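Shown next: start.tsv, given as TSV, C-alpha atoms.
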```
chain	number	residue	atom	x	y	z
A	1205	MET	CA	-115.04	-102.52	47.39
A	1206	GLU	CA	-115.62	-101.13	50.87
A	1207	LYS	CA	-116.11	-104.64	52.28
A	1208	LYS	CA	-112.78	-105.71	50.81
A	1209	ARG	CA	-111.08	-102.69	52.36
A	1210	ASP	CA	-112.64	-103.39	55.78
A	1211	LYS	CA	-111.59	-107.02	55.49
A	1212	HIS	CA	-108.05	-105.98	54.59
A	1213	ILE	CA	-107.87	-103.57	57.55
A	1214	GLY	CA	-109.22	-106.27	59.87
A	1215	LYS	CA	-106.63	-108.73	58.62
A	1216	LYS	CA	-103.81	-106.22	59.18
A	1217	THR	CA	-105.11	-105.47	62.68
A	1218	LEU	CA	-105.23	-109.17	63.52
A	1219	THR	CA	-101.71	-109.67	62.17
A	1220	ALA	CA	-100.41	-106.75	64.22
A	1221	PHE	CA	-102.12	-108.09	67.34
A	1222	LEU	CA	-100.56	-111.53	66.84
A	1223	PHE	CA	-97.12	-109.92	66.66
A	1224	ILE	CA	-97.55	-107.93	69.88
A	1225	PHE	CA	-99.44	-110.67	71.76
A	1226	PRO	CA	-96.29	-112.40	73.14
A	1227	PHE	CA	-95.07	-109.07	74.51
A	1228	LEU	CA	-98.49	-108.26	76.01
A	1229	LEU	CA	-98.62	-111.71	77.60
A	1230	LEU	CA	-95.16	-111.35	79.18
A	1231	TYR	CA	-95.90	-107.77	80.25
A	1232	THR	CA	-99.12	-108.88	81.93
A	1233	LEU	CA	-97.49	-111.84	83.67
A	1234	PHE	CA	-94.36	-110.07	84.90
A	1235	ILE	CA	-95.48	-106.43	85.32
A	1236	ILE	CA	-99.24	-105.92	85.59
A	1237	TRP	CA	-100.04	-109.02	87.64
A	1238	PRO	CA	-97.22	-108.47	90.20
A	1239	VAL	CA	-98.41	-104.86	90.62
A	1240	ILE	CA	-101.96	-106.01	91.32
A	1241	GLN	CA	-100.72	-108.77	93.62
A	1242	GLY	CA	-98.51	-106.27	95.46
A	1243	ILE	CA	-101.45	-103.96	96.12
A	1244	TYR	CA	-103.44	-106.92	97.42
A	1245	VAL	CA	-100.57	-107.92	99.73
A	1246	SER	CA	-100.20	-104.36	101.05
A	1247	LEU	CA	-103.85	-104.34	102.15
A	1248	HIS	CA	-103.49	-107.50	104.25
A	1249	LYS	CA	-101.47	-108.84	107.14
A	1250	TRP	CA	-99.15	-111.01	105.10
A	1251	GLY	CA	-96.00	-112.75	106.26
A	1252	LEU	CA	-94.03	-115.78	105.23
A	1253	MET	CA	-95.84	-117.69	107.98
A	1254	GLY	CA	-99.17	-117.27	109.72
A	1255	LYS	CA	-102.70	-116.48	108.62
A	1256	ILE	CA	-103.59	-113.77	106.12
A	1257	ARG	CA	-106.12	-111.17	107.25
A	1258	PHE	CA	-107.43	-107.95	105.78
A	1259	LEU	CA	-106.06	-104.69	107.25
A	1260	GLY	CA	-107.25	-102.06	104.81
A	1261	ILE	CA	-104.97	-99.03	104.65
A	1262	SER	CA	-103.34	-99.70	108.03
A	1263	ASN	CA	-99.98	-100.46	106.44
A	1264	TYR	CA	-100.12	-97.17	104.54
A	1265	THR	CA	-100.89	-95.12	107.65
A	1266	ARG	CA	-98.29	-97.04	109.63
A	1267	PHE	CA	-95.25	-95.63	107.85
A	1268	LEU	CA	-96.50	-92.08	108.41
A	1269	THR	CA	-95.46	-92.45	112.07
A	1270	ASP	CA	-92.49	-94.74	111.44
A	1271	LYS	CA	-89.31	-92.76	112.14
A	1272	PHE	CA	-87.17	-95.39	110.42
A	1273	PHE	CA	-89.19	-94.95	107.21
A	1274	TRP	CA	-88.63	-91.18	107.21
A	1275	GLU	CA	-84.98	-91.63	108.10
A	1276	ALA	CA	-84.49	-94.03	105.17
A	1277	LEU	CA	-86.44	-91.71	102.86
A	1278	TRP	CA	-84.20	-88.80	103.85
A	1279	HIS	CA	-81.07	-90.87	103.21
A	1280	THR	CA	-82.42	-91.74	99.76
A	1281	THR	CA	-83.33	-88.12	99.03
A	1282	TRP	CA	-79.89	-86.96	100.16
A	1283	PHE	CA	-78.26	-89.43	97.79
A	1284	VAL	CA	-80.42	-88.08	94.94
A	1285	ILE	CA	-79.40	-84.51	95.80
A	1286	ILE	CA	-75.66	-85.23	95.76
A	1287	SER	CA	-75.47	-87.85	93.00
A	1288	VAL	CA	-77.78	-86.60	90.24
A	1289	PRO	CA	-76.00	-83.25	89.61
A	1290	ALA	CA	-72.64	-85.03	89.67
A	1291	LEU	CA	-73.88	-87.61	87.15
A	1292	ILE	CA	-75.34	-85.02	84.78
A	1293	VAL	CA	-72.33	-82.68	84.82
A	1294	THR	CA	-69.75	-85.46	84.51
A	1295	SER	CA	-71.60	-87.30	81.73
A	1296	LEU	CA	-72.02	-84.03	79.80
A	1297	VAL	CA	-68.33	-83.14	80.12
A	1298	LEU	CA	-67.23	-86.63	79.03
A	1299	ALA	CA	-69.67	-86.55	76.11
A	1300	LEU	CA	-68.26	-83.21	74.93
A	1301	LEU	CA	-64.70	-84.55	75.21
A	1302	ALA	CA	-65.53	-87.83	73.45
A	1303	ASN	CA	-67.42	-86.02	70.70
A	1304	ARG	CA	-64.57	-83.61	69.98
A	1305	ALA	CA	-61.73	-86.14	70.16
A	1306	SER	CA	-60.27	-86.45	66.69
A	1307	GLY	CA	-58.72	-89.90	66.43
A	1308	CYS	CA	-59.99	-91.90	69.37
A	1309	LYS	CA	-63.73	-91.25	69.62
A	1310	LYS	CA	-64.71	-94.92	69.60
A	1311	LEU	CA	-62.03	-95.89	72.10
A	1312	LEU	CA	-63.12	-93.17	74.55
A	1313	ARG	CA	-66.77	-94.16	74.27
A	1314	VAL	CA	-65.96	-97.81	74.92
A	1315	CYS	CA	-63.77	-96.94	77.92
A	1316	TYR	CA	-66.43	-94.70	79.44
A	1317	TYR	CA	-69.23	-97.21	78.81
A	1318	ILE	CA	-67.50	-100.40	80.02
A	1319	PRO	CA	-68.31	-99.92	83.75
A	1320	THR	CA	-72.02	-99.85	82.91
A	1321	VAL	CA	-72.02	-103.53	81.95
A	1322	ILE	CA	-70.32	-104.66	85.18
A	1323	SER	CA	-72.62	-106.12	87.84
A	1324	VAL	CA	-73.21	-104.20	91.06
A	1325	SER	CA	-71.59	-106.96	93.13
A	1326	VAL	CA	-68.34	-106.73	91.18
A	1327	VAL	CA	-68.36	-102.93	91.32
A	1328	SER	CA	-68.93	-102.97	95.08
A	1329	LEU	CA	-66.16	-105.55	95.59
A	1330	ILE	CA	-63.71	-103.36	93.67
A	1331	VAL	CA	-64.68	-100.31	95.71
A	1332	THR	CA	-64.35	-102.08	99.07
A	1333	LYS	CA	-60.89	-103.33	98.07
A	1334	ILE	CA	-59.85	-99.78	97.17
A	1335	PHE	CA	-61.27	-98.00	100.23
A	1336	ALA	CA	-60.74	-100.69	102.88
A	1337	PRO	CA	-58.73	-99.42	105.89
A	1338	TYR	CA	-55.15	-100.59	106.52
A	1339	MET	CA	-54.92	-103.09	103.64
A	1340	GLY	CA	-56.94	-101.24	101.00
A	1341	PHE	CA	-55.30	-99.94	97.81
A	1342	LEU	CA	-55.91	-96.27	98.64
A	1343	SER	CA	-54.71	-96.67	102.23
A	1344	THR	CA	-51.55	-98.42	101.05
A	1345	MET	CA	-50.82	-95.66	98.53
A	1346	LEU	CA	-51.37	-92.87	101.08
A	1347	HIS	CA	-48.98	-94.55	103.51
A	1348	SER	CA	-46.43	-95.26	100.77
A	1349	PHE	CA	-46.22	-91.57	99.85
A	1350	ASN	CA	-46.16	-90.58	103.55
A	1351	ILE	CA	-49.39	-88.63	103.19
A	1352	LEU	CA	-50.63	-90.58	106.20
A	1353	LYS	CA	-48.46	-91.49	109.17
A	1354	PRO	CA	-48.09	-95.21	110.04
A	1355	ASP	CA	-50.53	-94.84	112.94
A	1356	GLN	CA	-53.05	-92.81	110.92
A	1357	GLU	CA	-55.96	-94.23	108.95
A	1358	ILE	CA	-58.98	-92.84	107.09
A	1359	THR	CA	-62.06	-94.96	107.79
A	1360	TRP	CA	-63.76	-94.39	104.46
A	1361	LEU	CA	-66.44	-97.02	105.06
A	1362	MET	CA	-67.24	-96.16	108.69
A	1363	SER	CA	-68.03	-92.43	108.59
A	1364	PRO	CA	-71.44	-91.51	107.02
A	1365	PRO	CA	-70.13	-88.43	105.10
A	1366	LEU	CA	-67.26	-90.47	103.67
A	1367	ILE	CA	-69.57	-93.38	102.87
A	1368	TRP	CA	-71.85	-91.05	100.90
A	1369	PHE	CA	-68.80	-89.73	99.05
A	1370	VAL	CA	-67.62	-93.25	98.20
A	1371	VAL	CA	-71.10	-94.43	97.14
A	1372	THR	CA	-71.67	-91.33	95.01
A	1373	LEU	CA	-68.26	-91.69	93.36
A	1374	THR	CA	-68.98	-95.38	92.74
A	1375	THR	CA	-72.41	-94.68	91.25
A	1376	VAL	CA	-71.09	-91.95	88.96
A	1377	TRP	CA	-68.28	-94.18	87.67
A	1378	TRP	CA	-70.56	-97.20	87.29
A	1379	THR	CA	-73.60	-95.61	85.60
A	1380	ILE	CA	-72.19	-92.64	83.73
A	1381	GLY	CA	-71.85	-94.48	80.42
A	1382	PHE	CA	-75.57	-94.57	79.64
A	1383	SER	CA	-76.12	-90.83	80.21
A	1384	MET	CA	-72.96	-90.04	78.26
A	1385	MET	CA	-74.22	-92.01	75.24
A	1386	LEU	CA	-77.52	-90.09	75.34
A	1387	TYR	CA	-75.58	-86.82	75.25
A	1388	ILE	CA	-73.31	-88.02	72.45
A	1389	SER	CA	-76.34	-89.01	70.38
A	1390	ALA	CA	-77.86	-85.56	70.95
A	1391	LEU	CA	-74.58	-83.81	70.09
A	1392	GLN	CA	-74.39	-85.64	66.78
A	1393	ASP	CA	-77.89	-84.39	65.90
A	1394	ILE	CA	-76.80	-80.73	66.14
A	1395	PRO	CA	-76.12	-79.49	62.57
A	1396	THR	CA	-72.52	-78.43	61.96
A	1397	GLN	CA	-73.83	-75.48	59.95
A	1398	VAL	CA	-74.99	-73.88	63.19
A	1399	TYR	CA	-71.44	-73.85	64.57
A	1400	GLU	CA	-70.03	-72.64	61.25
A	1401	ALA	CA	-72.47	-69.72	61.23
A	1402	ALA	CA	-71.57	-68.91	64.83
A	1403	GLU	CA	-67.85	-68.87	63.96
A	1404	LEU	CA	-68.53	-66.45	61.10
A	1405	ASP	CA	-70.32	-64.20	63.59
A	1406	GLY	CA	-67.25	-64.25	65.82
A	1407	ALA	CA	-68.50	-66.63	68.53
A	1408	GLY	CA	-65.74	-68.42	70.41
A	1409	SER	CA	-65.79	-71.89	71.94
A	1410	GLY	CA	-67.36	-70.63	75.17
A	1411	GLY	CA	-70.06	-68.72	73.32
A	1412	GLN	CA	-70.89	-71.74	71.17
A	1413	LEU	CA	-71.11	-73.94	74.25
A	1414	PHE	CA	-73.46	-71.70	76.23
A	1415	LYS	CA	-75.46	-70.21	73.36
A	1416	ILE	CA	-75.80	-73.23	71.06
A	1417	THR	CA	-74.76	-76.57	72.55
A	1418	LEU	CA	-76.33	-76.41	76.01
A	1419	PRO	CA	-79.68	-74.94	74.86
A	1420	LEU	CA	-80.00	-77.58	72.13
A	1421	LEU	CA	-79.11	-80.29	74.66
A	1422	ALA	CA	-81.86	-79.16	77.06
A	1423	PRO	CA	-84.37	-81.92	76.08
A	1424	THR	CA	-81.68	-84.56	76.60
A	1425	THR	CA	-80.75	-83.01	79.93
A	1426	TYR	CA	-84.38	-83.20	81.06
A	1427	LEU	CA	-84.47	-86.87	80.04
A	1428	VAL	CA	-81.20	-87.66	81.83
A	1429	LEU	CA	-82.41	-85.78	84.91
A	1430	LEU	CA	-85.65	-87.76	85.01
A	1431	LEU	CA	-83.95	-91.13	84.50
A	1432	GLN	CA	-81.24	-90.43	87.08
A	1433	ILE	CA	-83.71	-89.24	89.72
A	1434	ILE	CA	-85.71	-92.45	89.31
A	1435	ALA	CA	-82.58	-94.61	89.35
A	1436	SER	CA	-81.10	-92.81	92.37
A	1437	PHE	CA	-84.31	-93.13	94.38
A	1438	LYS	CA	-84.05	-96.89	93.81
A	1439	ILE	CA	-80.51	-97.15	95.19
A	1440	PHE	CA	-79.91	-100.39	97.05
A	1441	GLY	CA	-77.24	-102.71	95.69
A	1442	GLN	CA	-74.09	-100.62	95.92
A	1443	ILE	CA	-74.75	-99.08	99.33
A	1444	TYR	CA	-75.92	-102.40	100.79
A	1445	LEU	CA	-72.81	-104.21	99.58
A	1446	ILE	CA	-70.41	-101.40	100.52
A	1447	SER	CA	-71.70	-100.32	103.95
A	1448	ARG	CA	-74.78	-102.47	104.73
A	1449	GLY	CA	-76.53	-99.15	105.41
A	1450	GLY	CA	-74.25	-98.52	108.37
A	1451	PRO	CA	-72.83	-97.59	110.68
A	1452	GLY	CA	-76.08	-98.59	112.37
A	1453	SER	CA	-78.74	-97.31	109.99
A	1454	MET	CA	-77.09	-93.95	109.25
A	1455	THR	CA	-76.82	-94.58	105.49
A	1456	ARG	CA	-79.70	-97.04	105.03
A	1457	PRO	CA	-81.78	-96.16	101.92
A	1458	LEU	CA	-85.51	-96.76	101.60
A	1459	ILE	CA	-85.23	-99.85	99.39
A	1460	GLN	CA	-83.01	-101.51	102.00
A	1461	TYR	CA	-85.55	-100.73	104.72
A	1462	VAL	CA	-88.29	-102.24	102.53
A	1463	TYR	CA	-86.15	-105.37	102.08
A	1464	GLU	CA	-85.44	-105.67	105.80
A	1465	ALA	CA	-89.09	-105.16	106.77
A	1466	ALA	CA	-90.31	-107.74	104.25
A	1467	PHE	CA	-87.74	-110.50	104.66
A	1468	ARG	CA	-85.97	-109.97	107.97
A	1469	GLN	CA	-88.99	-108.88	109.97
A	1470	ASN	CA	-91.33	-111.21	108.03
A	1471	ASP	CA	-93.72	-108.34	107.20
A	1472	LEU	CA	-94.30	-108.56	103.46
A	1473	SER	CA	-97.40	-106.39	103.60
A	1474	TYR	CA	-95.61	-103.44	105.22
A	1475	GLY	CA	-92.75	-103.76	102.76
A	1476	ALA	CA	-95.23	-103.72	99.87
A	1477	ALA	CA	-96.95	-100.61	101.26
A	1478	MET	CA	-93.64	-98.75	101.53
A	1479	SER	CA	-92.78	-99.82	97.98
A	1480	TYR	CA	-95.95	-98.23	96.66
A	1481	ALA	CA	-95.22	-95.10	98.69
A	1482	LEU	CA	-91.89	-94.84	96.86
A	1483	PHE	CA	-93.65	-95.52	93.56
A	1484	LEU	CA	-96.08	-92.66	94.26
A	1485	ILE	CA	-93.19	-90.31	95.06
A	1486	LEU	CA	-91.51	-91.17	91.75
A	1487	VAL	CA	-94.76	-90.68	89.81
A	1488	ILE	CA	-95.29	-87.25	91.38
A	1489	LEU	CA	-91.70	-86.15	90.72
A	1490	SER	CA	-91.88	-87.39	87.12
A	1491	PHE	CA	-95.20	-85.61	86.54
A	1492	ILE	CA	-93.84	-82.32	87.93
A	1493	GLN	CA	-90.72	-82.51	85.80
A	1494	ILE	CA	-92.58	-83.41	82.59
A	1495	LYS	CA	-95.13	-80.66	83.26
A	1496	TYR	CA	-92.35	-78.13	83.83
A	1497	GLN	CA	-90.59	-79.20	80.64
A	1498	ASN	CA	-93.80	-78.84	78.60
A	1499	VAL	CA	-94.50	-75.37	80.02
A	1500	LYS	CA	-90.94	-74.26	79.29
A	1501	GLU	CA	-91.08	-75.61	75.72
A	1502	LYS	CA	-94.35	-73.76	75.07
A	1503	ALA	CA	-92.90	-70.55	76.50
A	1504	SER	CA	-89.89	-70.78	74.21
```
What do you get writing this file as C-alpha cells?
Amino acid sequence: MEKKRDKHIGKKTLTAFLFIFPFLLLYTLFIIWPVIQGIYVSLHKWGLMGKIRFLGISNYTRFLTDKFFWEALWHTTWFVIISVPALIVTSLVLALLANRASGCKKLLRVCYYIPTVISVSVVSLIVTKIFAPYMGFLSTMLHSFNILKPDQEITWLMSPPLIWFVVTLTTVWWTIGFSMMLYISALQDIPTQVYEAAELDGAGSGGQLFKITLPLLAPTTYLVLLLQIIASFKIFGQIYLISRGGPGSMTRPLIQYVYEAAFRQNDLSYGAAMSYALFLILVILSFIQIKYQNVKEKAS
C-alpha cells in the first residue's frame, strides 16, 4: 500500500515537473544565463572589438570615482522622488473616483488604463508635439489666448526643471493605469458592511476615507510604492526620446549612461558593472521596504 502511494506521489511530481519544465527552460535561457553572462562580462575588458582580458573588480571600483555615474544616479533618484508620490496619489484618487462612479465605472477604467498599452515611442512623440516650442500644440494655444506675447516662448524641452516636469507628467499619464487597477481591486475587497457600520456610528465620508479606506489599502500602497520605485529607477525610454538626457547631460538618467558607455563608448564591461550597481541599489531598497512593512504589520 505504501509503495503504491509513493509511486503515485512520484508520478504526480514527475507530471508537475513536466508542466513547469518549459517555463524553467525559458527562464534559464532568458533570465538566469544572461545574468551569469553579464557578471562575467563585467569582470573583463570587453568591447565590441578587441581582445578580452580579465580585470577583476576594476569596473566596479571605476564608477566610484566617475562623476558622470553619480550625476546620472542623482538624476534618476530625483526622478524617483518627484514621480513616485505623484503616481501613488493620482492613481489612488482616480481609483476612488472610478470605484464610486455609479453608471460609468467600466468606461472610466478603460479610459484611465488605455495609455498603459501605448508604446513609449508613441507616448514620447505625442508629448514632443504638445510641448514643442513655436509650433507645438501648447505653445499655439497659449499664443491664441494671448497668454504669451508673439515674441515670447516657453522652452519646455530645453530647461531641466521644465523637462523634469514634462517627463513626470508624461510618466504619470502613461503608467497610472496599472497602479489604479491595483487600487480598484483592493477597494472591491473591502466589505461594504464596514462602511455601513461606520455610517451607523455617525462617520462621514472623510472619516470613512481616513479611518477605514486608507488603512485597509496600506498593503496595496506598499506594493504600488515598491513597484513604482523599481520602475522609476529604470527610467530610460521617455526621457531619452523627449530630451536625449539634455541639455548636455543635465537630465541624463543612469540607464542612459549605461547605454552610452556600452554602445557609444564600446565599453560593454563598464556598462554591465553599472547595471549590477543599479540592481544592487534596487535589491537594497526593496529589502528595506519589505522589512519595514513586515515590522509594521507585526506591530499592528
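Interatomic distance, atom CA of Tyr1317 of chain A to atom CA of Gln1392 of chain A: 17.5 Å.
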Within 9 Å of Thr1374 of chain A, counting only C-alpha atoms, which residues show up once you throw out same-chain ones fewer than 2 positions away? Write them as a PyMOL selection string, please. chain A and resi 1327-1328+1331+1369-1372+1376-1379+1442
In terms of all atoms listed in the file, the residue from A:Ser1490, A:Gln1397, A:Ser1479, A:Ser1436 at minimal distance from Ile1286 of chain A is A:Ser1436
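Each of A:Ala1302, A:Glu1275, A:Gly1452, A:Ala1402 was checked against Ser1363 of chain A using all atoms listed in the file; the smallest atom-to-atom distance is that of A:Gly1452.
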Pull the neighbourhood of (-64.6, -103.9, 100.3) for me: all residues within 12 Å in file coordinates, counting all atoms listed in the file, as a PyMOL selection string. chain A and resi 1325-1342+1359-1362+1367+1370-1371+1442-1448
I'd like the neighbourhood of Ala1290 of chain A as a compact mmCIF listing (two decimals) with C-alpha atoms, in the coordinates of the input, where a residue qualifies if any of its atoms comes within 10 Å (using all atoms listed in the file), though same-chain residues fewer than 3 positions away should be ignored.
```
# COMPACT_ATOMS: atom_id res chain seq x y z
CA VAL A 1284 -80.42 -88.08 94.94
CA ILE A 1285 -79.40 -84.51 95.80
CA ILE A 1286 -75.66 -85.23 95.76
CA SER A 1287 -75.47 -87.85 93.00
CA VAL A 1293 -72.33 -82.68 84.82
CA THR A 1294 -69.75 -85.46 84.51
CA SER A 1295 -71.60 -87.30 81.73
CA LEU A 1296 -72.02 -84.03 79.80
CA THR A 1372 -71.67 -91.33 95.01
CA LEU A 1373 -68.26 -91.69 93.36
CA THR A 1375 -72.41 -94.68 91.25
CA VAL A 1376 -71.09 -91.95 88.96
CA ILE A 1380 -72.19 -92.64 83.73
```
Once you count all atoms listed in the file, which residues end up no further than 12 Å from (-105.9, -104.6, 105.7) in the file's frame, shown as a list in words? Ile1243, Tyr1244, Val1245, Ser1246, Leu1247, His1248, Lys1249, Trp1250, Ile1256, Arg1257, Phe1258, Leu1259, Gly1260, Ile1261, Ser1262, Asn1263, Tyr1264, Thr1265, Arg1266, Ser1473, Tyr1474 and Ala1477 of chain A
Missing atoms in segment 1441-1475 of chain A: fill them in up to N, CA and C atoms and send the result as a PDB file, in the frame of the given file.
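Generated output (out_3.pdb):
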```pdb
ATOM      1  N   GLY A1441     -78.326-101.747  95.818  1.00  0.00           N
ATOM      2  CA  GLY A1441     -77.240-102.710  95.690  1.00  0.00           C
ATOM      3  C   GLY A1441     -75.895-102.210  96.157  1.00  0.00           C
ATOM      4  N   GLN A1442     -75.442-101.069  95.603  1.00  0.00           N
ATOM      5  CA  GLN A1442     -74.090-100.620  95.920  1.00  0.00           C
ATOM      6  C   GLN A1442     -73.928-100.209  97.373  1.00  0.00           C
ATOM      7  N   ILE A1443     -74.909 -99.514  97.932  1.00  0.00           N
ATOM      8  CA  ILE A1443     -74.750 -99.080  99.330  1.00  0.00           C
ATOM      9  C   ILE A1443     -74.915-100.256 100.289  1.00  0.00           C
ATOM     10  N   TYR A1444     -75.753-101.226  99.926  1.00  0.00           N
ATOM     11  CA  TYR A1444     -75.920-102.400 100.790  1.00  0.00           C
ATOM     12  C   TYR A1444     -74.646-103.236 100.807  1.00  0.00           C
ATOM     13  N   LEU A1445     -74.015-103.393  99.657  1.00  0.00           N
ATOM     14  CA  LEU A1445     -72.810-104.210  99.580  1.00  0.00           C
ATOM     15  C   LEU A1445     -71.573-103.489 100.102  1.00  0.00           C
ATOM     16  N   ILE A1446     -71.573-102.161 100.061  1.00  0.00           N
ATOM     17  CA  ILE A1446     -70.410-101.400 100.520  1.00  0.00           C
ATOM     18  C   ILE A1446     -70.467-101.140 102.023  1.00  0.00           C
ATOM     19  N   SER A1447     -71.636-100.724 102.537  1.00  0.00           N
ATOM     20  CA  SER A1447     -71.700-100.320 103.950  1.00  0.00           C
ATOM     21  C   SER A1447     -72.798-101.018 104.739  1.00  0.00           C
ATOM     22  N   ARG A1448     -73.639-101.831 104.068  1.00  0.00           N
ATOM     23  CA  ARG A1448     -74.780-102.470 104.730  1.00  0.00           C
ATOM     24  C   ARG A1448     -75.728-101.429 105.357  1.00  0.00           C
ATOM     25  N   GLY A1449     -75.676-100.195 104.852  1.00  0.00           N
ATOM     26  CA  GLY A1449     -76.530 -99.150 105.410  1.00  0.00           C
ATOM     27  C   GLY A1449     -76.000 -98.564 106.690  1.00  0.00           C
ATOM     28  N   GLY A1450     -74.818 -98.954 107.091  1.00  0.00           N
ATOM     29  CA  GLY A1450     -74.250 -98.520 108.370  1.00  0.00           C
ATOM     30  C   GLY A1450     -73.364 -97.310 108.244  1.00  0.00           C
ATOM     31  N   PRO A1451     -72.736 -96.924 109.365  1.00  0.00           N
ATOM     32  CA  PRO A1451     -72.830 -97.590 110.680  1.00  0.00           C
ATOM     33  C   PRO A1451     -74.232 -97.459 111.284  1.00  0.00           C
ATOM     34  N   GLY A1452     -74.696 -98.538 111.882  1.00  0.00           N
ATOM     35  CA  GLY A1452     -76.080 -98.590 112.370  1.00  0.00           C
ATOM     36  C   GLY A1452     -77.022 -98.548 111.188  1.00  0.00           C
ATOM     37  N   SER A1453     -77.852 -97.520 111.132  1.00  0.00           N
ATOM     38  CA  SER A1453     -78.740 -97.310 109.990  1.00  0.00           C
ATOM     39  C   SER A1453     -78.539 -95.916 109.412  1.00  0.00           C
ATOM     40  N   MET A1454     -77.346 -95.356 109.591  1.00  0.00           N
ATOM     41  CA  MET A1454     -77.090 -93.950 109.250  1.00  0.00           C
ATOM     42  C   MET A1454     -76.966 -93.700 107.761  1.00  0.00           C
ATOM     43  N   THR A1455     -76.830 -94.745 106.952  1.00  0.00           N
ATOM     44  CA  THR A1455     -76.820 -94.580 105.490  1.00  0.00           C
ATOM     45  C   THR A1455     -77.798 -95.546 104.829  1.00  0.00           C
ATOM     46  N   ARG A1456     -78.767 -96.050 105.582  1.00  0.00           N
ATOM     47  CA  ARG A1456     -79.700 -97.040 105.030  1.00  0.00           C
ATOM     48  C   ARG A1456     -80.722 -96.354 104.119  1.00  0.00           C
ATOM     49  N   PRO A1457     -80.796 -96.745 102.830  1.00  0.00           N
ATOM     50  CA  PRO A1457     -81.780 -96.160 101.920  1.00  0.00           C
ATOM     51  C   PRO A1457     -83.142 -96.837 102.078  1.00  0.00           C
ATOM     52  N   LEU A1458     -84.143 -96.277 101.419  1.00  0.00           N
ATOM     53  CA  LEU A1458     -85.510 -96.760 101.600  1.00  0.00           C
ATOM     54  C   LEU A1458     -85.683 -98.185 101.078  1.00  0.00           C
ATOM     55  N   ILE A1459     -85.084 -98.507  99.942  1.00  0.00           N
ATOM     56  CA  ILE A1459     -85.230 -99.850  99.390  1.00  0.00           C
ATOM     57  C   ILE A1459     -84.664-100.892 100.344  1.00  0.00           C
ATOM     58  N   GLN A1460     -83.576-100.572 101.021  1.00  0.00           N
ATOM     59  CA  GLN A1460     -83.010-101.510 102.000  1.00  0.00           C
ATOM     60  C   GLN A1460     -83.961-101.699 103.174  1.00  0.00           C
ATOM     61  N   TYR A1461     -84.599-100.616 103.618  1.00  0.00           N
ATOM     62  CA  TYR A1461     -85.550-100.730 104.720  1.00  0.00           C
ATOM     63  C   TYR A1461     -86.758-101.569 104.304  1.00  0.00           C
ATOM     64  N   VAL A1462     -87.199-101.411 103.063  1.00  0.00           N
ATOM     65  CA  VAL A1462     -88.290-102.240 102.530  1.00  0.00           C
ATOM     66  C   VAL A1462     -87.878-103.711 102.552  1.00  0.00           C
ATOM     67  N   TYR A1463     -86.667-104.000 102.099  1.00  0.00           N
ATOM     68  CA  TYR A1463     -86.150-105.370 102.080  1.00  0.00           C
ATOM     69  C   TYR A1463     -86.086-105.955 103.486  1.00  0.00           C
ATOM     70  N   GLU A1464     -85.574-105.178 104.429  1.00  0.00           N
ATOM     71  CA  GLU A1464     -85.440-105.670 105.800  1.00  0.00           C
ATOM     72  C   GLU A1464     -86.803-105.898 106.450  1.00  0.00           C
ATOM     73  N   ALA A1465     -87.750-104.994 106.195  1.00  0.00           N
ATOM     74  CA  ALA A1465     -89.090-105.160 106.770  1.00  0.00           C
ATOM     75  C   ALA A1465     -89.776-106.399 106.200  1.00  0.00           C
ATOM     76  N   ALA A1466     -89.603-106.632 104.906  1.00  0.00           N
ATOM     77  CA  ALA A1466     -90.310-107.740 104.250  1.00  0.00           C
ATOM     78  C   ALA A1466     -89.699-109.094 104.588  1.00  0.00           C
ATOM     79  N   PHE A1467     -88.372-109.187 104.569  1.00  0.00           N
ATOM     80  CA  PHE A1467     -87.740-110.500 104.660  1.00  0.00           C
ATOM     81  C   PHE A1467     -87.014-110.776 105.967  1.00  0.00           C
ATOM     82  N   ARG A1468     -86.588-109.741 106.663  1.00  0.00           N
ATOM     83  CA  ARG A1468     -85.970-109.970 107.970  1.00  0.00           C
ATOM     84  C   ARG A1468     -86.991-109.913 109.091  1.00  0.00           C
ATOM     85  N   GLN A1469     -87.955-109.003 108.952  1.00  0.00           N
ATOM     86  CA  GLN A1469     -88.990-108.880 109.970  1.00  0.00           C
ATOM     87  C   GLN A1469     -90.253-109.669 109.605  1.00  0.00           C
ATOM     88  N   ASN A1470     -90.212-110.360 108.465  1.00  0.00           N
ATOM     89  CA  ASN A1470     -91.330-111.210 108.030  1.00  0.00           C
ATOM     90  C   ASN A1470     -92.632-110.416 107.913  1.00  0.00           C
ATOM     91  N   ASP A1471     -92.538-109.200 107.359  1.00  0.00           N
ATOM     92  CA  ASP A1471     -93.720-108.340 107.200  1.00  0.00           C
ATOM     93  C   ASP A1471     -93.804-107.905 105.739  1.00  0.00           C
ATOM     94  N   LEU A1472     -94.231-108.834 104.888  1.00  0.00           N
ATOM     95  CA  LEU A1472     -94.300-108.560 103.460  1.00  0.00           C
ATOM     96  C   LEU A1472     -95.285-107.449 103.135  1.00  0.00           C
ATOM     97  N   SER A1473     -96.367-107.381 103.885  1.00  0.00           N
ATOM     98  CA  SER A1473     -97.400-106.390 103.600  1.00  0.00           C
ATOM     99  C   SER A1473     -96.892-104.973 103.848  1.00  0.00           C
ATOM    100  N   TYR A1474     -96.148-104.772 104.924  1.00  0.00           N
ATOM    101  CA  TYR A1474     -95.610-103.440 105.220  1.00  0.00           C
ATOM    102  C   TYR A1474     -94.546-103.058 104.190  1.00  0.00           C
ATOM    103  N   GLY A1475     -93.730-104.024 103.798  1.00  0.00           N
ATOM    104  CA  GLY A1475     -92.750-103.760 102.760  1.00  0.00           C
ATOM    105  C   GLY A1475     -93.400-103.377 101.444  1.00  0.00           C
TER     106      GLY A1475
END
```
